[in-house]
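Asks: Structure below; questions to follow.
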Amino acid sequence: MHKVLVVDDEEILRMLIVDTLEDLEGVELRTAENGRDALDLLAAERFDLVILDYMMPLMTGIEVLGELGDELKQKTAILMLTAKAQEADRNKALAAGARFFMAKPFSPMELMHVVEGILSDSGSNL
Amino acid sequence: MTREVTSSRSIRTRFFRTIVVLFALIILSGAAFFIYIQAEQTKLAQEREILQHKTDTINQLAGTLSDVFFRARGYVALKNDNELKLLDTALTNLDSILDRYARLNLSTEEAVFRKELQNFYIDYKTNILPKAIRLVEADDYAALRTAAQEGSTQSVNEFLAYTKTYKLRADTALNEMAKHSIRLANEYTLFSFLFGSVVLLFFTWLIWRIIRNLINPIEELQGAVHSLAAGEEILLGQLRNQDEIGRLYDAFLDMARSIQDKEEELMMQNEELQAQQDELQEQQTRLQRSLAEIESMMKALDQSSAVAILTQKGVFSYANENLSAYTGYSHSEIIGFTYRLFEFQNVSSEQIFGKLSTGGVWSNEIRMAHKDGSAVWIQATIMPYLNDEGVIYQYILIANDITSMKSVQQELADTLKHTEQTKVMLELNNQLNHDITYTLDKQEFADKFIHFMNRLYAFDASFFLLVKDNIVTAKGIPQATVDRYLENGNNEMLYRLQSERSYTVKRPAAQSEQGISPEPVFSYDFYTTVVNAKNEILAVFCGSRIGHDFSKEEVNEVEGMMNRVALAIERLFMYEEIEHGRKLNQDIVNNVNEGIQFVDTAGTMLHINKALSQMFNYGEWTDGSMTSRDHWLNHFIQVINETEEIRAFYQQAMSPLSSDSSSMKYSIQTELLKHVDVYAIPVFRREMRIGTLFVHRDITREYELDLMKSELVSTVSHELRTPLSSVLGFTELLLSKTMKPEKQLRYLETIHKEAKRLTELINDFLDLQRMESGKQQYITEHANLSEIVMGVIDQYKLSSTHHVLLVDEARNAEVEVDKDKIIQVMTNLLSNAIKFSPDSNEVKVHLFNEPGQIVLQIQDSGLGIPKEQIGQLFQKFRRIDNSASKRIGGTGLGLAICKEIIAKQKGTIGIDSVEGEGTTVWFSLPTRNGDPGRQEEDTLKWNTDKEVKPNVMIVEDDYSLSLLLSEELKGKGFRVTHHYHPQKAFDQALKTPFVAIVVDLMLGEELDGWDLISMLKEDSRTESIPIVISSALDKSNKILMQHNVRKYLTKPYPPGELSTTLHDIVKVSQASGEVLFPESC
């Protein structure tokens, strides 16, 4: 069973992502509406993948990554999801520790495939 | 001194005294010497006597002693009493001798000897001798011998021996003394001889001196007598001594002097006679010579000058040839005639004879007429001759012809005068040249020119006109004439001058010019022009002279001068043009927005324009000043943030190697941060680099706009992508998944909602863009803000979640606004208030006046806004960053739009908020000033404290009626609170102390007015509040009486009625201090 955390401040988007991924087998989905909640969850449980929105109030995705420990970042795959699609933003995200990057608006199917891929890789890793 | 004393005495006395003194001296010294020798000899004799005496005494002593011993021994040997008797005698003898010896003047040795002898003697006399006698008497010779052996005998012998020795010594001493005496005698003899010789010597010297003193002056006197006899000068000094010789001297000298004086007198007389003779001789020669000289002089005079002799009466008695030659009159014509023959032209004969009659010589230059009538200049000298009685008996005239000299002199003077004139003119010309070269002002130029012309040509009146600029300078011409000329004659005159370079007009003098002249006078007006190379007339000069025509030279001169003036005027024009161009350029450079700076190749700043000075706060540069490179560059670098870059840029740009333009961007921190773009262009003149031009352009606005634009693009793209993600995502899910119809519907609803949001967003954004770019049209009209507010609130009446409470205190709600836009703002603000206060059910709207404006507040008790974010709220896409507000959503453009609209209506908008407690958004608009009376005149003076107004609540769901009532009550000074919901109205009544509540009976569906009244009356807190029913229903329904209703107003009623009713109610309550609610009513 893979655990995936979806962090986005927009409720509709959280819903969209959850609805997209809920059909995947062996995946348990959790959501958080801001960075602070996400960090609390990550501290409490282990997740295989975090889908993290870039632009959020209170804490941006980058700031969340900044507070995430290196060990956690090693074990957990981070997929940065953002409306900021510029090259600079992508680099910033990757530098902060996000291993994957996807621009908004995204295709749910593509997201599903990407998540599937990540999870199967991480599964073999584990 | 001594000498003087002696010399004043007579010789006799002197020598007498000297000899007496000397004699006395010799006698005295001889006597003294004799006495001295005598004394010495006496002393010697005494000494010898003493010694003799001593020796005798010693001898006696020795004898006596030997006698004693002899007698003692005799007694011892013989034991004879006789011997003893003799012994006694000897002892007595010895005693006396010893005594005598002791009294002698003894030497030390002698004294010691005497002492010992004394002691021995005493011992001998007292001890030894009696003992020996006793022994002898006892015949004890053995003991005697012993005693003798003990030493007494020996001592006796020693004494005897001593005496012998002493005697011997005394003899020797005596001998010595005798020898000494003889030696002394010899010495005295020698001394006497020497003394005698010295006295003799001194005597000889004395005599020699006396002789000398006597002989010398006598010899001198002898010599003097000889010389006197020989007639030589007597060289005899005055003797100082007043003795006989001295007196002889004086007498001789007196005699000699008197002889000499006599002789000299005779000599002098002789010399005088001689000299007189010489002089006579000399005078004779001189006279002879003078005669010869005079003769030659006369000859010379005859040669060179005219000589004439006039009698006392002035008749010529003699005249030489020259006089005839000078005057043209022949000799015979002159002789016998008086001087009046000649006409003196410059002096009168009285002047001449006046001077001559005093006996003086008259000499002067005379101008007189030649016989042929021409003028002759003569240098004449006239001398009177006096006879023995001192009376003039004739005159001598000596004259020279100086006519030619005079004429030369005259010529010279003329030339000088001419030269002087030329010099003055040259100076004037020079002055003119200077003036026209250095005068850059046209009026000044014209003034100077006129001044010059007047000085040079003595115009009585003159006029100078610079045609192009109509600049005029006139001297001696009335202004009216000048004006007339400029207005009328100008063209005509110019026309003539066009063809004729200059001309002169001769005219009869005007009345004023005529002056005092009795004859008719003519005036001459001279006109000339200044033309340029193209033969255009630049200036006109006109000069007028009264009674003096203009010579051809003058005309030519002036015309020539005009050519110079033409050049000067053209130069003036050129200067003006250049100056104008320069000013224009400077103005252009100073007025462009870009900062401009020109730096020469050395780095010296030659120009900086105003914009750049201001940009750098650099006030040190003034027009024309040169600022060294370090000075300005350091200042610039201090201000500029990019210190190193700008230094490098300047260095690169100013370097002679760089020939391309370059540019850079920098920022300066003055009051605000400014961004500047500077570019440098090397400037060349005839392919020579002369410097570098720097142009600094303030690009702060572009820079900020750029920054804002890119930020905006980024934000907008984010804002758009989020709903787009939803739309695309859900659509894709719908297309790719099979799902239940309910879920499909939910998806579609979501898509619809998000698409709507997207549209809203785009619309808002475009709205804002339109407004910001100034393309938005506003249609302003008179409106009543209360009305607008109520209208908007009316829209929310049906909103179930929130109740909107209106407190309308505004007495003047008249504004000039775009109604629709204000409605948009209100709607936006109200919906925000509702949206962001999800846990509350009320929003309060408060309307009131402030001086010159009306303020609207919308107060919610919602989430509130963090203090630090309040300021950002009016920016685009700013929403409160917290999850609660995020959930509520929105475009984030609403407040920005509101701000834009309110700003365009000349109002202000603001937010006050406490996080967690609620937010108050307000805006104010300027009120129209019309119709102020309504607000003031009827205002009821409810209370001295103006702040406390009576609160009235209107519970009415008809918006227009509510508005009407509200206006009426506000006008009467009430504070009106609106409600349309009975429950909310009741809650409000609990909070606010109302003086009365106006209730409409037909309210909402759930509760109506009656329910409200019941609620109010049933609650003890509100039961005392008077209620006024405003209803369309008939008041016949008596039920209201049960509910203590104060007043029933049946609609429609005039608004005044309500206010009067309320007024009455309040007056009653004010009077009694409590709210009266009579049951019977």
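Residues in the structure tokens are numbered from 1 in each chain, the chains being A, B, ... in the order shown, and ligands are numbered from 1 in the order shown.
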Return the neighbours of chain A among the residues of chain B, cut-off 7 Å, counting only C-alpha atoms, as a list in words.
Replies: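 On the chain B side, the interface is His718, Arg721, Thr722, Leu724, Ser725, Ser726, Gly729, Phe730, Glu732, Leu733, Asp881 and Asn882 of chain B.
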Asks: May I have the residues within 7 Å of stretch 48-52 of chain A as a list in words, using only C-alpha atoms and disregarding those fewer than 2 positions away in the same chain?
Replies: His2, Lys3, Val4, Leu5, Val6, Val7, Asp8, Arg46, Tyr54, Gly61, Thr76, Ala77, Ile78, Leu79, Met80 and Leu81 of chain A
Asks: Given the choices B:Asp623, B:Glu754, B:Glu1023, B:Asp808, which gets closest to B:Pro993 if the distance is worked out from only C-alpha atoms?
Replies: B:Glu1023
Asks: Rounded to one decimal in Å, what is the spacing between atom CA of B:His979 and atom CA of B:Gly894?
Replies: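 Taking atom CA of B:His979 and atom CA of B:Gly894, their separation equals 27.2 Å.
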Asks: Which parts of stretch 17-68 of chain A does DSSP call strand (DSSP E) when run on the backbone here, written out as number ranges by chain?
Replies: A: 27-32, 49-53
Asks: How many Å lie between atom CA of B:Asn213 and atom CA of B:Ile26, rounded to one decimal?
Replies: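 Going from atom CA of B:Asn213 over to atom CA of B:Ile26 covers 24.2 Å.
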Asks: When you draw a straight line from atom CA of B:Ala62 to atom CA of B:Thr163, how long is it in Å?
Replies: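 The value is 5.7 Å.
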Asks: If you run DSSP over the backbone, which residues in chain A end up helix (DSSP H, G or I)? Put them as a ChimeraX atom specification.
Replies: /A:11-21,35-44,61-67,70-75,87-96,108-125
Asks: Need to verify the contact set: stretch 464-480 of chain B, 8 Å, only C-alpha atoms, exclusion of same-chain residues closer than 4 positions in sequence. Can you return it as JSON, numbers by chain?
Replies: {"B": [442, 443, 446, 447, 450, 460, 484, 537, 538, 539, 540, 541, 542]}
Asks: Save out the residues we just selected, all heavy atoms, as a compact mmCIF listing (two decimals), in the first residue's frame.
Replies:
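Generated file (out_17.txt):
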# COMPACT_ATOMS: atom_id res chain seq x y z
N LYS B 442 21.87 96.98 -29.19
CA LYS B 442 21.60 97.85 -30.33
C LYS B 442 21.30 99.28 -29.91
O LYS B 442 21.77 100.23 -30.51
CB LYS B 442 20.44 97.29 -31.14
CG LYS B 442 20.86 96.10 -31.98
CD LYS B 442 19.66 95.54 -32.70
CE LYS B 442 20.07 94.36 -33.55
NZ LYS B 442 18.90 93.58 -33.95
N GLN B 443 20.49 99.41 -28.86
CA GLN B 443 20.12 100.74 -28.41
C GLN B 443 21.38 101.49 -27.96
O GLN B 443 21.58 102.65 -28.31
CB GLN B 443 19.11 100.63 -27.26
CG GLN B 443 18.57 101.97 -26.77
CD GLN B 443 17.72 102.67 -27.84
OE1 GLN B 443 16.77 102.08 -28.38
NE2 GLN B 443 18.07 103.90 -28.16
N ALA B 446 23.34 102.59 -30.92
CA ALA B 446 22.77 103.75 -31.59
C ALA B 446 23.09 105.02 -30.80
O ALA B 446 23.49 106.04 -31.36
CB ALA B 446 21.26 103.57 -31.72
N ASP B 447 22.96 104.93 -29.46
CA ASP B 447 23.25 106.09 -28.62
C ASP B 447 24.69 106.54 -28.79
O ASP B 447 24.98 107.72 -28.96
CB ASP B 447 23.00 105.75 -27.14
CG ASP B 447 21.52 105.56 -26.86
OD1 ASP B 447 20.72 105.95 -27.74
OD2 ASP B 447 21.19 105.03 -25.78
N ILE B 450 25.32 108.20 -32.26
CA ILE B 450 24.80 109.58 -32.32
C ILE B 450 25.73 110.52 -31.56
O ILE B 450 26.09 111.60 -32.03
CB ILE B 450 23.37 109.63 -31.74
CG1 ILE B 450 22.39 109.10 -32.78
CG2 ILE B 450 23.00 111.03 -31.29
CD1 ILE B 450 22.11 110.06 -33.93
N ASP B 460 23.37 120.05 -35.04
CA ASP B 460 22.47 120.69 -34.07
C ASP B 460 21.39 119.72 -33.67
O ASP B 460 20.88 119.75 -32.55
CB ASP B 460 21.86 121.96 -34.68
CG ASP B 460 22.94 123.01 -34.89
OD1 ASP B 460 23.57 123.38 -33.89
OD2 ASP B 460 23.17 123.41 -36.05
N ARG B 484 6.44 111.07 -35.88
CA ARG B 484 5.83 111.43 -37.18
C ARG B 484 6.66 110.87 -38.33
O ARG B 484 6.15 110.28 -39.25
CB ARG B 484 5.72 112.95 -37.30
CG ARG B 484 5.01 113.43 -38.55
CD ARG B 484 4.87 114.94 -38.55
NE ARG B 484 6.14 115.63 -38.27
CZ ARG B 484 7.11 115.79 -39.19
NH1 ARG B 484 6.97 115.32 -40.40
NH2 ARG B 484 8.21 116.43 -38.87
N ILE B 537 18.89 98.47 -46.76
CA ILE B 537 19.14 99.56 -45.81
C ILE B 537 19.02 99.02 -44.40
O ILE B 537 17.98 98.48 -44.01
CB ILE B 537 18.15 100.71 -46.04
CG1 ILE B 537 18.41 101.32 -47.43
CG2 ILE B 537 18.30 101.77 -44.95
CD1 ILE B 537 17.47 102.43 -47.79
N LEU B 538 20.11 99.15 -43.66
CA LEU B 538 20.12 98.68 -42.28
C LEU B 538 19.73 99.79 -41.33
O LEU B 538 19.05 99.57 -40.35
CB LEU B 538 21.52 98.18 -41.90
CG LEU B 538 22.05 96.99 -42.67
CD1 LEU B 538 23.48 96.70 -42.24
CD2 LEU B 538 21.19 95.76 -42.43
N ALA B 539 20.23 101.00 -41.64
CA ALA B 539 19.98 102.11 -40.74
C ALA B 539 19.96 103.42 -41.52
O ALA B 539 20.53 103.51 -42.61
CB ALA B 539 21.05 102.17 -39.68
N VAL B 540 19.32 104.38 -40.92
CA VAL B 540 19.26 105.71 -41.52
C VAL B 540 19.83 106.69 -40.53
O VAL B 540 19.51 106.62 -39.33
CB VAL B 540 17.80 106.09 -41.85
CG1 VAL B 540 17.74 107.52 -42.38
CG2 VAL B 540 17.22 105.13 -42.86
N PHE B 541 20.69 107.57 -41.05
CA PHE B 541 21.19 108.63 -40.18
C PHE B 541 20.80 109.97 -40.79
O PHE B 541 20.91 110.17 -42.00
CB PHE B 541 22.72 108.55 -40.04
CG PHE B 541 23.28 109.72 -39.29
CD1 PHE B 541 23.19 109.73 -37.90
CD2 PHE B 541 23.84 110.80 -39.94
CE1 PHE B 541 23.68 110.80 -37.19
CE2 PHE B 541 24.32 111.87 -39.24
CZ PHE B 541 24.25 111.88 -37.84
N CYS B 542 20.36 110.84 -39.94
CA CYS B 542 20.03 112.17 -40.40
C CYS B 542 20.58 113.18 -39.42
O CYS B 542 20.37 113.06 -38.21
CB CYS B 542 18.50 112.32 -40.50
SG CYS B 542 18.03 114.00 -40.89
